[in-house]
Amino acid sequence: MTILPSLRQRVFLASALVAIASVAVATQFVTARVTREAEAELHRGLVASADLLERHHAARLETLTSMARLVADLPKLKAAVATGDPPTVEPVARDYQTRARSDVFIVTGAAGRPLASLGARGDSSATAEALAGSEAITFQEDSGRLLEVVTVPIAIGLTPPDVLGTLSLGFAIDDSLAREFRELTQSEVAFVDAGGVRAATLADRGALSTLASTGAGSVHLGGSEYVALARRLGPRGPSAVVLRSRTERLQFITTFRAGLWVAALVAVLVAIAGSYAVARTVTRPLAAITAAMDQMAATGDLTRKIRLPRPWHDHDTSLLATTFNTLTDSIAKFQHEAALRERLSALGRLSTVVAHEIRNPLMILKAAARTLRRDAVRPEEVREAAADIEDEVQRLNRIVDDVLDFARPLHLEYAPCDLNQLCRDAAQAALAGEPAFSHRFVLEAGLPTIVTDSERLRTALVNILGNARDAVLARGAGGNEGAVEVRTTKLDSDRVAIVVADCGMGIAAQDLPHVFDPYFTTKRTGTGLGLAIARNVVDALGGALSVASRQGEGTEVRVELPRRPRAA
């Protein structure tokens with residue numbers, strides 16, 4: 001079995017596959033491109049946030065260092081430190097801590113002894129470094145807090161300075177600082193060192209400690225996926241980890257992808273509909289042409305015309321149909337001329353048959369006349385002679401009528417006709433003389449009215465039905481149920497058919513090609529013109545007449561007619 005035998009199916013499938021493939025590839029490409037761009041934008045934003053945090057921390061540390069220098073150079077603090085008395089130094093230290101807004105404020109004397117420790121304990125190494133005249137930045141842990149502390153010397157004089165003690169200012173690396181950096185960077189922030197997560201803006205901190213060593217990566221926190229980038233704050237300081245939610249940032253991709261696939265589905269449906277329209281546009285005119293050719297092959301009617309559906313045909317199919325119709329017109333003209341020549345030729349040949357057919361009735365008439373001329377003629381002989389004369393005159397009249405019907409040109413008078421009623425009238429005329437003869441009608445309800453010459457068509461049907469009657473009676477099957485059946489049917493929007501089927505003797509295979517030949521008959525009293533006349537009538541009405549038969553089984557005569565002949 002051939003897959004997709006129809007041209008329309010192949011064109012439709014090819015167009016639909018091209019459309020679906022194009023939409024699918026475009027959708028996949030756009031989705032992948034948007035996702036890739038979103039990932040790149042997420043990474044760029046993460047790097048920018050990390051850089052911004054690093055710069056802000058550096059600026060904060062620089063500000064803290066400058067503030068420590070300024071406070072250490074204040075005379076009031078120097079005077080208090082010079083006393084070496086903690087109760088004297090502590091109030092001054094509290095005042096300056098409040099003004100500086102620092103978490104750590106530590107003052108030591110020249111010997112490194114603490115004079116004021118606000119917020120944390122001092123770092124001895126940083127203190128020693130400051131007493132030596134240098135500044136120190138350290139990270140230290142106090143009471144569970146991580147502190148970043150700047151230690152500067154408190155000195156008098158310039159060359160060489162006289163170091164009175166040290167001042168340490170610092171701030172805590174805690175959740176408050178993390179939230180400050182989050183507002184600045186629009187990202188989640190965490191501070192991580194060897195001791196674990198020191199501060200974070202996220203409640204779930206389970207997987208953050210590993211990011212300090214890896215520097216970058218992704219973690220799952222609270223049901224969301226985060227991408228992270230770590231920056232170390234100083235050589236020995238903690239790592240500041242900047243995180244952005246990949247799940248949240250790419251959530252719009254899901255919505256975008258859903259919308260895109262919905263749009264793609266709509267586009268595919270539109271493409272399929274368009275593909276069907278294209279396939280129908282391309283193939284429907286061709287289907288009309290091939291349908292006409294199929295009917296021509298099935299019926300043998302070489303005059304059938306192609307009617308293209310509107311508005312589907314184009315120039316090429318119109319040219320093909322016009323050329324085909326011109327060819328069928330030429331065939332119809334040739335057939336008409338050939339039929340006329342055949343009829344004229346048949347008239348010459350028919351003269352022999354007519355002479356033979358007339359000779360027998362004439363001989364009977366002559367014998368009847370001799371009988372009537374005798375002197376003593378009995379009444380019975382007169383009546384018998386009169387009956388013979390009447391029968392033979394009718395026979396001669398029938399012969400003359402058949403010859404005239406076959407020979408003379410047909411003049412058709414077209415009018416609307418109810419085909420079913422016409423079939424009933426023809427059957428009544430042909431079968432009325434046989435009251436015990438069984439026949440039936442299978443007439444399609446709602447058969448449309450046709451335009452034809454009703455009287456001519458009725459005459460042709462009477463001839464056909466008469467032949468069917470004679471064939472059935474010759475077989476002795478006149479009483480069989482439905483010995484002759486008359487059917488009507490609608491073939492398409494432009495054609496109807498009449499079928500006369502009988503269960504008679506049938507026609508021998510060698511005789512079947514000659515049933516339409518003039519004067520060909522297998523009946524003892526027939527002229528052989530009945531079917532020839534019927535065919536002339538049907539041809540003149542723009543139809544087609546065909547016969548199918550099997551000897552001993554019956555015969556079927558099929559008449560196909562246009563609903564409205566072109567001549568009408």
# chains A, B, ... in the order shown; residues from 1 in each chain; ligands from 1
$ residues_around --residues "A:Leu77" --least-positions-apart "5" --cutoff "10 Å" --atoms "only C-alpha atoms" --output "list in words"
Val71, Ala72, Ala82, Thr88, Val89, Glu90, Val92, Ala93, Tyr96, Val107, Ile154 and Leu167 of chain A
$ residues_around --residues "A:Arg469" --least-positions-apart "4" --cutoff "9 Å" --atoms "only C-alpha atoms" --output "ChimeraX atom specification"
/A:430-431,434,437,464-465,473-474,478,483-484,502,504
$ closest_residue --among "A:Asp470, A:Met296, A:Ala385, A:Thr488" --to "A:Ala445" --atoms "only C-alpha atoms"
A:Thr488
$ atom_distance --atom1 "atom CA of A:Leu319" --atom2 "atom CA of A:Arg563"
25.5 Å
$ closest_residue --among "A:Arg307, A:Ser66, A:Asp51, A:Ser176" --to "A:Asp103" --atoms "only C-alpha atoms"
A:Ser176
$ closest_atom_pairs --of "stretch 226-336 of chain A" --to "stretch 13-32 of chain A" --cutoff "6 Å" --atoms "only C-alpha atoms" --output "CSV"
residue,atom,partner,partner_atom,distance
A:Val268,CA,A:Ile20,CA,5.7
A:Ala271,CA,A:Ala19,CA,5.8
A:Ile272,CA,A:Ala16,CA,5.2
A:Ser275,CA,A:Ser15,CA,5.2
$ write_last_selection --atoms "N, CA and C atoms" --output "PDB file, in the first residue's frame"
ATOM      1  N   VAL A 268       2.059  27.175  15.012  1.00  0.00           N
ATOM      2  CA  VAL A 268       2.004  25.869  14.351  1.00  0.00           C
ATOM      3  C   VAL A 268       0.599  25.601  13.825  1.00  0.00           C
ATOM      4  N   ALA A 271       0.131  27.674  10.925  1.00  0.00           N
ATOM      5  CA  ALA A 271       0.926  27.129   9.826  1.00  0.00           C
ATOM      6  C   ALA A 271       0.266  25.891   9.228  1.00  0.00           C
ATOM      7  N   ILE A 272      -0.299  25.031  10.101  1.00  0.00           N
ATOM      8  CA  ILE A 272      -0.982  23.835   9.597  1.00  0.00           C
ATOM      9  C   ILE A 272      -2.190  24.235   8.759  1.00  0.00           C
ATOM     10  N   SER A 275      -0.905  25.496   5.624  1.00  0.00           N
ATOM     11  CA  SER A 275      -0.422  24.383   4.799  1.00  0.00           C
ATOM     12  C   SER A 275      -1.591  23.682   4.116  1.00  0.00           C
TER      13      SER A 275
END
$ closest_residue --among "A:Ala155, A:Val499, A:Asp123, A:Ser49" --to "A:Pro75" --atoms "only C-alpha atoms"
A:Ala155
$ atom_distance --atom1 "atom CA of A:Thr449" --atom2 "atom CA of A:Pro565"
12.7 Å
$ residues_around --residues "stretch 413-427 of chain A" --least-positions-apart "6" --cutoff "12 Å" --atoms "only C-alpha atoms" --output "number ranges by chain"
A: 433-434, 437-469, 484-490, 496-500, 540-542, 559-568
$ atom_distance --atom1 "atom CA of A:Met293" --atom2 "atom CA of A:Arg341"
27.6 Å
